[in-house]
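Colleague: Below you'll find the structure I mean.
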Amino acid sequence: MGDSGDHGRGSSPVDVAPLNASSYLDPHYWDERFAAEEHYEWLKDYSHFQHLLRPFLNPSHSVLEIGCGNSRLCEELRKDDVADMTCVDISPVAVERMRSRFRDKGLEGIKVVQADMLDLPFGSESFDIVIEKGTMVKAEMLFGFTEDVLFVNSGDPWNPHPETINKVMKMLEDVHSVLKPEGIFISISFGQPHFRRPLFEGASFTWSVEWKTFGEGFHYFFYILKKGRRILKSDDCKNERSDVPSISLLHEELEDEDYMFRTTLCDELEN
Ligand SMILES: C[S@@+](CC[C@H](N)C(=O)[O-])C[C@H]1O[C@@H](n2cnc3c(N)ncnc32)[C@H](O)[C@@H]1O
């Protein structure tokens, strides 16, 4: 399986590919991977979406990244003047290596916390911005959005298992809770709006849901959820259109970007 991200520039070429997709279910997979791998960017590195994220950054903001892995996003944000930066990951190996990297680079001010995003150890209204990049996709796999659900011939992507929904919603509830009243959740993902919106627009959330895309040829989604700014359904089609045909196959999304085909929700609503 080829991870569909930017291979870490300057990192050693190590064999970290799982035997199969279900290896992501094994918590030891991540520890073993991070023990062998110095740096890897899932999806894309900061330079590809900096133009989308930067307008939301403010030096006085507190920023939380969930599922940081060994990405350089935290340090890139520090370079962009984010002073109060926290990143969390469930893998103790990732956390230790990240702390060591920050020590070596004199970036001790960046807090690195081992935590489960289903049970974030922060008080409510702690952060101005929460960011996840590629973590929710994996979370969906970990939580049961496997090929059994989303693979084209073997499941119904429109009706995921209730247990799956419950776990994803728990993650989103935690994110919603730790955001300040006008905080913003940024989710950078393969996940298409017609699958993400039913989750993001859960009844208990007060955030508005917008998205943009980035990437050439293959598009990634950059979701912007602004707490306290929920909008009416009639505003939905103001979101950016993507111009490729429909069919989302999470299995293939994770296996190979070439299989990624999308359409806009608004096209579907119009038809
Ligand atoms: C696909 S990687 C993305 C890493 C990084 N965000 C990036 O863009 O390169 C997913 C990360 O989520 C972490 N992770 C998986 N389950 C988690 C959980 N329940 N809580 C926190 N982190 C989790 C993994 O250890 C891994 O670092």
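Ordering of the structure tokens sets the chain letters (A, B, ...); residue numbers start at 1 within each chain; ligands are numbered from 1 in the order shown.
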Sorted by chain and rising residue number, list the residues of chain A at most 9 Å from ligand 1 (counting only C-alpha atoms and all ligand atoms), each with its closest atom pair and distance in Å to one decimal, as a tab-separated table.
Modeller:
```
residue	atom	partner	partner_atom_place_in_ligand_line	distance
A:Asp3	CA	ligand 1	1 (C)	8.6
A:Gly5	CA	ligand 1	9 (O)	7.8
A:Asp6	CA	ligand 1	9 (O)	8.5
A:Tyr24	CA	ligand 1	15 (C)	8.3
A:Leu25	CA	ligand 1	16 (N)	8.8
A:Pro27	CA	ligand 1	25 (O)	7.8
A:Tyr29	CA	ligand 1	25 (O)	8.7
A:Trp30	CA	ligand 1	25 (O)	5.3
A:Asp31	CA	ligand 1	25 (O)	7.4
A:Phe34	CA	ligand 1	27 (O)	8.1
A:His39	CA	ligand 1	9 (O)	8.1
A:Tyr40	CA	ligand 1	9 (O)	5.7
A:Glu41	CA	ligand 1	9 (O)	3.8
A:Trp42	CA	ligand 1	9 (O)	3.9
A:Leu43	CA	ligand 1	8 (O)	6.4
A:Lys44	CA	ligand 1	8 (O)	7.3
A:Asp45	CA	ligand 1	8 (O)	7.5
A:Glu65	CA	ligand 1	6 (N)	7.7
A:Ile66	CA	ligand 1	21 (C)	6.0
A:Gly67	CA	ligand 1	12 (O)	3.7
A:Cys68	CA	ligand 1	6 (N)	4.1
A:Gly69	CA	ligand 1	27 (O)	3.1
A:Asn70	CA	ligand 1	9 (O)	6.3
A:Ser71	CA	ligand 1	9 (O)	4.4
A:Arg72	CA	ligand 1	9 (O)	7.7
A:Leu73	CA	ligand 1	8 (O)	7.4
A:Val88	CA	ligand 1	21 (C)	6.3
A:Asp89	CA	ligand 1	22 (N)	3.9
A:Ile90	CA	ligand 1	21 (C)	4.1
A:Ser91	CA	ligand 1	25 (O)	4.9
A:Pro92	CA	ligand 1	25 (O)	8.5
A:Val93	CA	ligand 1	25 (O)	8.8
A:Ala94	CA	ligand 1	27 (O)	6.8
A:Gln114	CA	ligand 1	21 (C)	7.7
A:Ala115	CA	ligand 1	21 (C)	5.7
A:Asp116	CA	ligand 1	20 (N)	3.5
A:Met117	CA	ligand 1	20 (N)	3.9
A:Leu118	CA	ligand 1	19 (N)	5.9
A:Asp119	CA	ligand 1	20 (N)	8.1
A:Leu120	CA	ligand 1	20 (N)	8.3
A:Ile131	CA	ligand 1	6 (N)	8.7
A:Glu132	CA	ligand 1	6 (N)	6.1
A:Lys133	CA	ligand 1	8 (O)	4.4
A:Gly134	CA	ligand 1	3 (C)	4.6
A:Thr135	CA	ligand 1	10 (C)	4.2
A:Met136	CA	ligand 1	10 (C)	7.6
A:Val137	CA	ligand 1	1 (C)	7.1
A:Lys138	CA	ligand 1	1 (C)	5.5
A:Ala139	CA	ligand 1	16 (N)	5.7
A:Leu142	CA	ligand 1	16 (N)	7.1
A:Met171	CA	ligand 1	19 (N)	8.5
A:Ile188	CA	ligand 1	8 (O)	8.4
```
Colleague: What does the file look like for those residues with N, CA and C atoms, as a short mmCIF file (atom, residue, chain, number, x, y, z; two decimals), in the first residue's frame?
Modeller:
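Produced file result.cif, reproduced below:
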```
data_model
loop_
_atom_site.label_atom_id
_atom_site.label_comp_id
_atom_site.auth_asym_id
_atom_site.auth_seq_id
_atom_site.Cartn_x
_atom_site.Cartn_y
_atom_site.Cartn_z
N ASP A 3 1.20 5.01 0.89
CA ASP A 3 0.59 6.16 1.52
C ASP A 3 0.58 7.28 0.51
N GLY A 5 0.87 10.46 0.53
CA GLY A 5 1.30 11.78 0.96
C GLY A 5 2.61 12.20 0.36
N ASP A 6 3.10 13.33 0.84
CA ASP A 6 4.43 13.78 0.46
C ASP A 6 5.44 12.99 1.28
N TYR A 24 -3.57 -0.44 10.08
CA TYR A 24 -3.81 0.84 10.75
C TYR A 24 -4.65 0.66 12.01
N LEU A 25 -5.31 -0.50 12.11
CA LEU A 25 -6.08 -0.78 13.31
C LEU A 25 -5.19 -1.13 14.48
N PRO A 27 -2.50 -0.48 17.08
CA PRO A 27 -1.80 0.67 17.64
C PRO A 27 -0.29 0.53 17.54
N TYR A 29 1.30 -0.54 15.09
CA TYR A 29 1.76 -0.14 13.76
C TYR A 29 2.35 1.26 13.80
N TRP A 30 1.63 2.17 14.46
CA TRP A 30 2.08 3.56 14.47
C TRP A 30 3.39 3.70 15.22
N ASP A 31 3.52 2.99 16.36
CA ASP A 31 4.77 3.08 17.12
C ASP A 31 5.93 2.56 16.30
N PHE A 34 6.76 5.02 13.54
CA PHE A 34 7.44 6.25 13.97
C PHE A 34 8.84 5.97 14.49
N HIS A 39 10.36 11.48 9.24
CA HIS A 39 9.43 12.52 8.80
C HIS A 39 8.59 12.01 7.64
N TYR A 40 7.32 12.29 7.70
CA TYR A 40 6.44 11.96 6.58
C TYR A 40 5.25 12.91 6.65
N GLU A 41 4.88 13.44 5.52
CA GLU A 41 3.70 14.31 5.48
C GLU A 41 2.56 13.56 4.79
N TRP A 42 1.52 13.29 5.52
CA TRP A 42 0.32 12.73 4.92
C TRP A 42 -0.40 13.84 4.15
N LEU A 43 -1.04 13.45 3.10
CA LEU A 43 -1.67 14.40 2.18
C LEU A 43 -0.57 15.31 1.62
N LYS A 44 -0.49 16.53 2.07
CA LYS A 44 0.51 17.46 1.54
C LYS A 44 1.17 18.23 2.67
N ASP A 45 2.33 18.79 2.37
CA ASP A 45 2.98 19.60 3.40
C ASP A 45 2.39 21.03 3.39
N GLU A 65 -2.90 20.88 17.24
CA GLU A 65 -2.93 19.94 16.12
C GLU A 65 -3.17 18.54 16.67
N ILE A 66 -4.16 17.83 16.12
CA ILE A 66 -4.43 16.48 16.61
C ILE A 66 -3.91 15.45 15.61
N GLY A 67 -3.22 14.44 16.16
CA GLY A 67 -2.62 13.40 15.31
C GLY A 67 -1.46 13.94 14.52
N CYS A 68 -0.49 14.49 15.23
CA CYS A 68 0.62 15.18 14.54
C CYS A 68 1.58 14.21 13.87
N GLY A 69 1.66 12.97 14.37
CA GLY A 69 2.61 12.02 13.79
C GLY A 69 4.02 12.58 13.81
N ASN A 70 4.71 12.52 12.68
CA ASN A 70 6.04 13.13 12.59
C ASN A 70 6.06 14.23 11.52
N SER A 71 4.89 14.80 11.33
CA SER A 71 4.73 15.91 10.38
C SER A 71 5.49 17.16 10.87
N ARG A 72 5.80 18.05 9.94
CA ARG A 72 6.46 19.31 10.32
C ARG A 72 5.48 20.47 10.40
N LEU A 73 4.19 20.14 10.41
CA LEU A 73 3.22 21.23 10.41
C LEU A 73 3.39 22.16 11.62
N VAL A 88 -0.84 16.86 19.61
CA VAL A 88 -1.08 15.60 20.31
C VAL A 88 -1.02 14.44 19.33
N ASP A 89 -0.66 13.30 19.86
CA ASP A 89 -0.73 12.06 19.10
C ASP A 89 -0.92 10.93 20.08
N ILE A 90 -1.56 9.87 19.61
CA ILE A 90 -1.79 8.72 20.48
C ILE A 90 -0.54 7.87 20.64
N SER A 91 0.41 8.01 19.72
CA SER A 91 1.60 7.17 19.74
C SER A 91 2.67 7.77 20.66
N PRO A 92 3.06 7.05 21.72
CA PRO A 92 4.12 7.56 22.59
C PRO A 92 5.44 7.73 21.85
N VAL A 93 5.67 6.88 20.84
CA VAL A 93 6.92 6.99 20.08
C VAL A 93 6.92 8.30 19.28
N ALA A 94 5.79 8.57 18.64
CA ALA A 94 5.70 9.83 17.88
C ALA A 94 5.90 11.03 18.79
N GLN A 114 0.86 13.26 24.65
CA GLN A 114 0.30 11.98 24.21
C GLN A 114 -1.16 11.94 24.63
N ALA A 115 -2.05 11.80 23.68
CA ALA A 115 -3.48 11.82 24.00
C ALA A 115 -4.28 11.16 22.90
N ASP A 116 -5.44 10.70 23.29
CA ASP A 116 -6.40 10.11 22.36
C ASP A 116 -7.36 11.21 21.95
N MET A 117 -7.53 11.37 20.67
CA MET A 117 -8.42 12.45 20.23
C MET A 117 -9.88 12.18 20.60
N LEU A 118 -10.16 10.95 21.05
CA LEU A 118 -11.52 10.67 21.54
C LEU A 118 -11.70 11.10 22.98
N ASP A 119 -10.62 11.54 23.58
CA ASP A 119 -10.69 11.96 24.98
C ASP A 119 -9.61 13.01 25.22
N LEU A 120 -9.78 14.14 24.58
CA LEU A 120 -8.75 15.18 24.63
C LEU A 120 -8.61 15.72 26.06
N ILE A 131 -6.47 21.90 14.41
CA ILE A 131 -6.16 21.44 13.05
C ILE A 131 -5.97 19.93 13.06
N GLU A 132 -6.53 19.29 12.06
CA GLU A 132 -6.16 17.90 11.81
C GLU A 132 -5.83 17.76 10.34
N LYS A 133 -4.77 17.00 10.08
CA LYS A 133 -4.40 16.74 8.67
C LYS A 133 -4.20 15.25 8.52
N GLY A 134 -5.12 14.64 7.80
CA GLY A 134 -5.01 13.20 7.54
C GLY A 134 -5.41 12.33 8.71
N THR A 135 -5.66 12.91 9.85
CA THR A 135 -5.94 12.11 11.04
C THR A 135 -7.37 11.60 11.05
N MET A 136 -8.27 12.41 10.61
CA MET A 136 -9.66 11.98 10.63
C MET A 136 -9.88 10.85 9.61
N VAL A 137 -9.18 10.92 8.51
CA VAL A 137 -9.30 9.83 7.54
C VAL A 137 -8.88 8.53 8.19
N LYS A 138 -7.74 8.58 8.86
CA LYS A 138 -7.29 7.37 9.52
C LYS A 138 -8.23 7.01 10.65
N ALA A 139 -8.71 8.03 11.34
CA ALA A 139 -9.65 7.76 12.42
C ALA A 139 -10.86 7.02 11.87
N LEU A 142 -9.86 3.63 11.54
CA LEU A 142 -9.76 3.01 12.85
C LEU A 142 -11.14 2.79 13.46
N MET A 171 -15.14 12.30 18.55
CA MET A 171 -13.96 13.10 18.22
C MET A 171 -14.36 14.54 17.93
N ILE A 188 -8.07 18.89 7.15
CA ILE A 188 -7.45 18.76 5.82
C ILE A 188 -7.48 17.29 5.45
#
```
Colleague: With DSSP run on the backbone, what are the alpha helix (DSSP H) residues within range 38-122 of chain A? I'd like them as a list in words.
Modeller: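 The alpha helix (DSSP H) residues within range 38-122 of chain A come out as Tyr46, Ser47, His48, Phe49, Gln50, His51, Leu52, Leu53, Leu73, Cys74, Glu75, Glu76, Leu77, Arg78, Lys79, Pro92, Val93, Ala94, Val95, Glu96, Arg97, Met98, Arg99, Ser100, Arg101, Phe102, Arg103 and Asp104 of chain A.
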Colleague: Determine, counting only C-alpha atoms, which protein, DNA and RNA residues have an atom within 12 Å of an atom of Leu172 in chain A; residues of the same chain fewer than 6 positions away are not included. Present the result as an MDAnalysis selection string.
Modeller: chainID A and resid 66 117:120 130:132 136 139:140 165:166 178:179 185:187 196 198:207 225 227
Colleague: Using the selection just defined, write its residues with N, CA and C atoms as a PDB file, in the first residue's frame.
Modeller:
```pdb
ATOM      1  N   ILE A  66      -4.159  17.834  16.123  1.00  0.00           N
ATOM      2  CA  ILE A  66      -4.427  16.480  16.614  1.00  0.00           C
ATOM      3  C   ILE A  66      -3.905  15.450  15.610  1.00  0.00           C
ATOM      4  N   MET A 117      -7.530  11.368  20.673  1.00  0.00           N
ATOM      5  CA  MET A 117      -8.416  12.451  20.234  1.00  0.00           C
ATOM      6  C   MET A 117      -9.881  12.175  20.601  1.00  0.00           C
ATOM      7  N   LEU A 118     -10.164  10.954  21.054  1.00  0.00           N
ATOM      8  CA  LEU A 118     -11.519  10.668  21.542  1.00  0.00           C
ATOM      9  C   LEU A 118     -11.699  11.101  22.983  1.00  0.00           C
ATOM     10  N   ASP A 119     -10.618  11.542  23.577  1.00  0.00           N
ATOM     11  CA  ASP A 119     -10.688  11.958  24.979  1.00  0.00           C
ATOM     12  C   ASP A 119      -9.615  13.015  25.215  1.00  0.00           C
ATOM     13  N   LEU A 120      -9.782  14.145  24.577  1.00  0.00           N
ATOM     14  CA  LEU A 120      -8.753  15.183  24.634  1.00  0.00           C
ATOM     15  C   LEU A 120      -8.608  15.721  26.059  1.00  0.00           C
ATOM     16  N   VAL A 130      -8.104  24.495  16.058  1.00  0.00           N
ATOM     17  CA  VAL A 130      -7.732  23.074  16.100  1.00  0.00           C
ATOM     18  C   VAL A 130      -7.555  22.624  14.654  1.00  0.00           C
ATOM     19  N   ILE A 131      -6.470  21.897  14.413  1.00  0.00           N
ATOM     20  CA  ILE A 131      -6.160  21.438  13.050  1.00  0.00           C
ATOM     21  C   ILE A 131      -5.973  19.931  13.060  1.00  0.00           C
ATOM     22  N   GLU A 132      -6.530  19.294  12.061  1.00  0.00           N
ATOM     23  CA  GLU A 132      -6.160  17.897  11.806  1.00  0.00           C
ATOM     24  C   GLU A 132      -5.830  17.757  10.338  1.00  0.00           C
ATOM     25  N   MET A 136      -8.270  12.411  10.606  1.00  0.00           N
ATOM     26  CA  MET A 136      -9.660  11.978  10.626  1.00  0.00           C
ATOM     27  C   MET A 136      -9.885  10.855   9.613  1.00  0.00           C
ATOM     28  N   ALA A 139      -8.713   8.033  11.338  1.00  0.00           N
ATOM     29  CA  ALA A 139      -9.650   7.760  12.416  1.00  0.00           C
ATOM     30  C   ALA A 139     -10.857   7.022  11.871  1.00  0.00           C
ATOM     31  N   GLU A 140     -11.292   7.437  10.692  1.00  0.00           N
ATOM     32  CA  GLU A 140     -12.448   6.780  10.113  1.00  0.00           C
ATOM     33  C   GLU A 140     -12.136   5.313   9.857  1.00  0.00           C
ATOM     34  N   ILE A 165     -20.261   6.078  13.435  1.00  0.00           N
ATOM     35  CA  ILE A 165     -20.716   7.469  13.565  1.00  0.00           C
ATOM     36  C   ILE A 165     -20.479   7.964  14.990  1.00  0.00           C
ATOM     37  N   ASN A 166     -20.811   7.119  15.961  1.00  0.00           N
ATOM     38  CA  ASN A 166     -20.665   7.537  17.356  1.00  0.00           C
ATOM     39  C   ASN A 166     -19.237   7.933  17.679  1.00  0.00           C
ATOM     40  N   VAL A 178     -13.206  21.842  22.973  1.00  0.00           N
ATOM     41  CA  VAL A 178     -11.952  22.533  23.317  1.00  0.00           C
ATOM     42  C   VAL A 178     -11.763  23.840  22.549  1.00  0.00           C
ATOM     43  N   LEU A 179     -12.599  24.055  21.534  1.00  0.00           N
ATOM     44  CA  LEU A 179     -12.508  25.324  20.804  1.00  0.00           C
ATOM     45  C   LEU A 179     -13.130  26.455  21.612  1.00  0.00           C
ATOM     46  N   PHE A 185     -12.123  25.080  13.560  1.00  0.00           N
ATOM     47  CA  PHE A 185     -11.573  23.745  13.322  1.00  0.00           C
ATOM     48  C   PHE A 185     -11.235  23.636  11.842  1.00  0.00           C
ATOM     49  N   ILE A 186      -9.971  23.314  11.565  1.00  0.00           N
ATOM     50  CA  ILE A 186      -9.525  23.110  10.185  1.00  0.00           C
ATOM     51  C   ILE A 186      -9.273  21.613  10.002  1.00  0.00           C
ATOM     52  N   SER A 187      -9.917  21.045   9.016  1.00  0.00           N
ATOM     53  CA  SER A 187      -9.735  19.626   8.728  1.00  0.00           C
ATOM     54  C   SER A 187      -9.240  19.488   7.291  1.00  0.00           C
ATOM     55  N   ARG A 196     -18.565  14.078   4.461  1.00  0.00           N
ATOM     56  CA  ARG A 196     -18.147  14.785   5.673  1.00  0.00           C
ATOM     57  C   ARG A 196     -19.254  15.640   6.281  1.00  0.00           C
ATOM     58  N   PRO A 198     -22.529  15.389   6.697  1.00  0.00           N
ATOM     59  CA  PRO A 198     -23.464  14.834   7.695  1.00  0.00           C
ATOM     60  C   PRO A 198     -22.819  14.687   9.062  1.00  0.00           C
ATOM     61  N   LEU A 199     -21.513  14.498   9.094  1.00  0.00           N
ATOM     62  CA  LEU A 199     -20.818  14.385  10.378  1.00  0.00           C
ATOM     63  C   LEU A 199     -20.557  15.763  10.967  1.00  0.00           C
ATOM     64  N   PHE A 200     -19.998  16.640  10.147  1.00  0.00           N
ATOM     65  CA  PHE A 200     -19.673  17.983  10.631  1.00  0.00           C
ATOM     66  C   PHE A 200     -20.921  18.748  11.068  1.00  0.00           C
ATOM     67  N   GLU A 201     -22.041  18.458  10.417  1.00  0.00           N
ATOM     68  CA  GLU A 201     -23.251  19.232  10.690  1.00  0.00           C
ATOM     69  C   GLU A 201     -24.151  18.566  11.729  1.00  0.00           C
ATOM     70  N   GLY A 202     -23.543  17.792  12.617  1.00  0.00           N
ATOM     71  CA  GLY A 202     -24.314  17.206  13.709  1.00  0.00           C
ATOM     72  C   GLY A 202     -25.056  18.279  14.485  1.00  0.00           C
ATOM     73  N   ALA A 203     -26.210  17.879  15.017  1.00  0.00           N
ATOM     74  CA  ALA A 203     -27.120  18.859  15.619  1.00  0.00           C
ATOM     75  C   ALA A 203     -26.497  19.636  16.769  1.00  0.00           C
ATOM     76  N   SER A 204     -25.549  19.024  17.471  1.00  0.00           N
ATOM     77  CA  SER A 204     -25.020  19.704  18.663  1.00  0.00           C
ATOM     78  C   SER A 204     -23.929  20.724  18.336  1.00  0.00           C
ATOM     79  N   PHE A 205     -23.530  20.802  17.072  1.00  0.00           N
ATOM     80  CA  PHE A 205     -22.426  21.688  16.731  1.00  0.00           C
ATOM     81  C   PHE A 205     -22.919  23.057  16.293  1.00  0.00           C
ATOM     82  N   THR A 206     -22.213  24.060  16.769  1.00  0.00           N
ATOM     83  CA  THR A 206     -22.622  25.431  16.418  1.00  0.00           C
ATOM     84  C   THR A 206     -21.761  25.992  15.294  1.00  0.00           C
ATOM     85  N   TRP A 207     -20.878  25.165  14.734  1.00  0.00           N
ATOM     86  CA  TRP A 207     -19.971  25.711  13.722  1.00  0.00           C
ATOM     87  C   TRP A 207     -20.592  25.727  12.331  1.00  0.00           C
ATOM     88  N   LEU A 225     -14.402  25.058   9.824  1.00  0.00           N
ATOM     89  CA  LEU A 225     -15.589  24.987  10.674  1.00  0.00           C
ATOM     90  C   LEU A 225     -15.475  26.082  11.732  1.00  0.00           C
ATOM     91  N   LYS A 227     -16.829  27.940  14.825  1.00  0.00           N
ATOM     92  CA  LYS A 227     -17.737  27.743  15.954  1.00  0.00           C
ATOM     93  C   LYS A 227     -18.597  28.989  16.162  1.00  0.00           C
TER      94      LYS A 227
END
```
Colleague: Enter the distance from CA of His51 in chain A to CA of Gly109 in chain A, in Å, rounded to one decimal.
Modeller: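 So the answer is 24.6 Å.
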Colleague: May I have the residues within 10 Å of Ser124 in chain A as a VMD selection string, using only C-alpha atoms and disregarding those fewer than 5 positions away in the same chain?
Modeller: chain A and resid 174 to 181
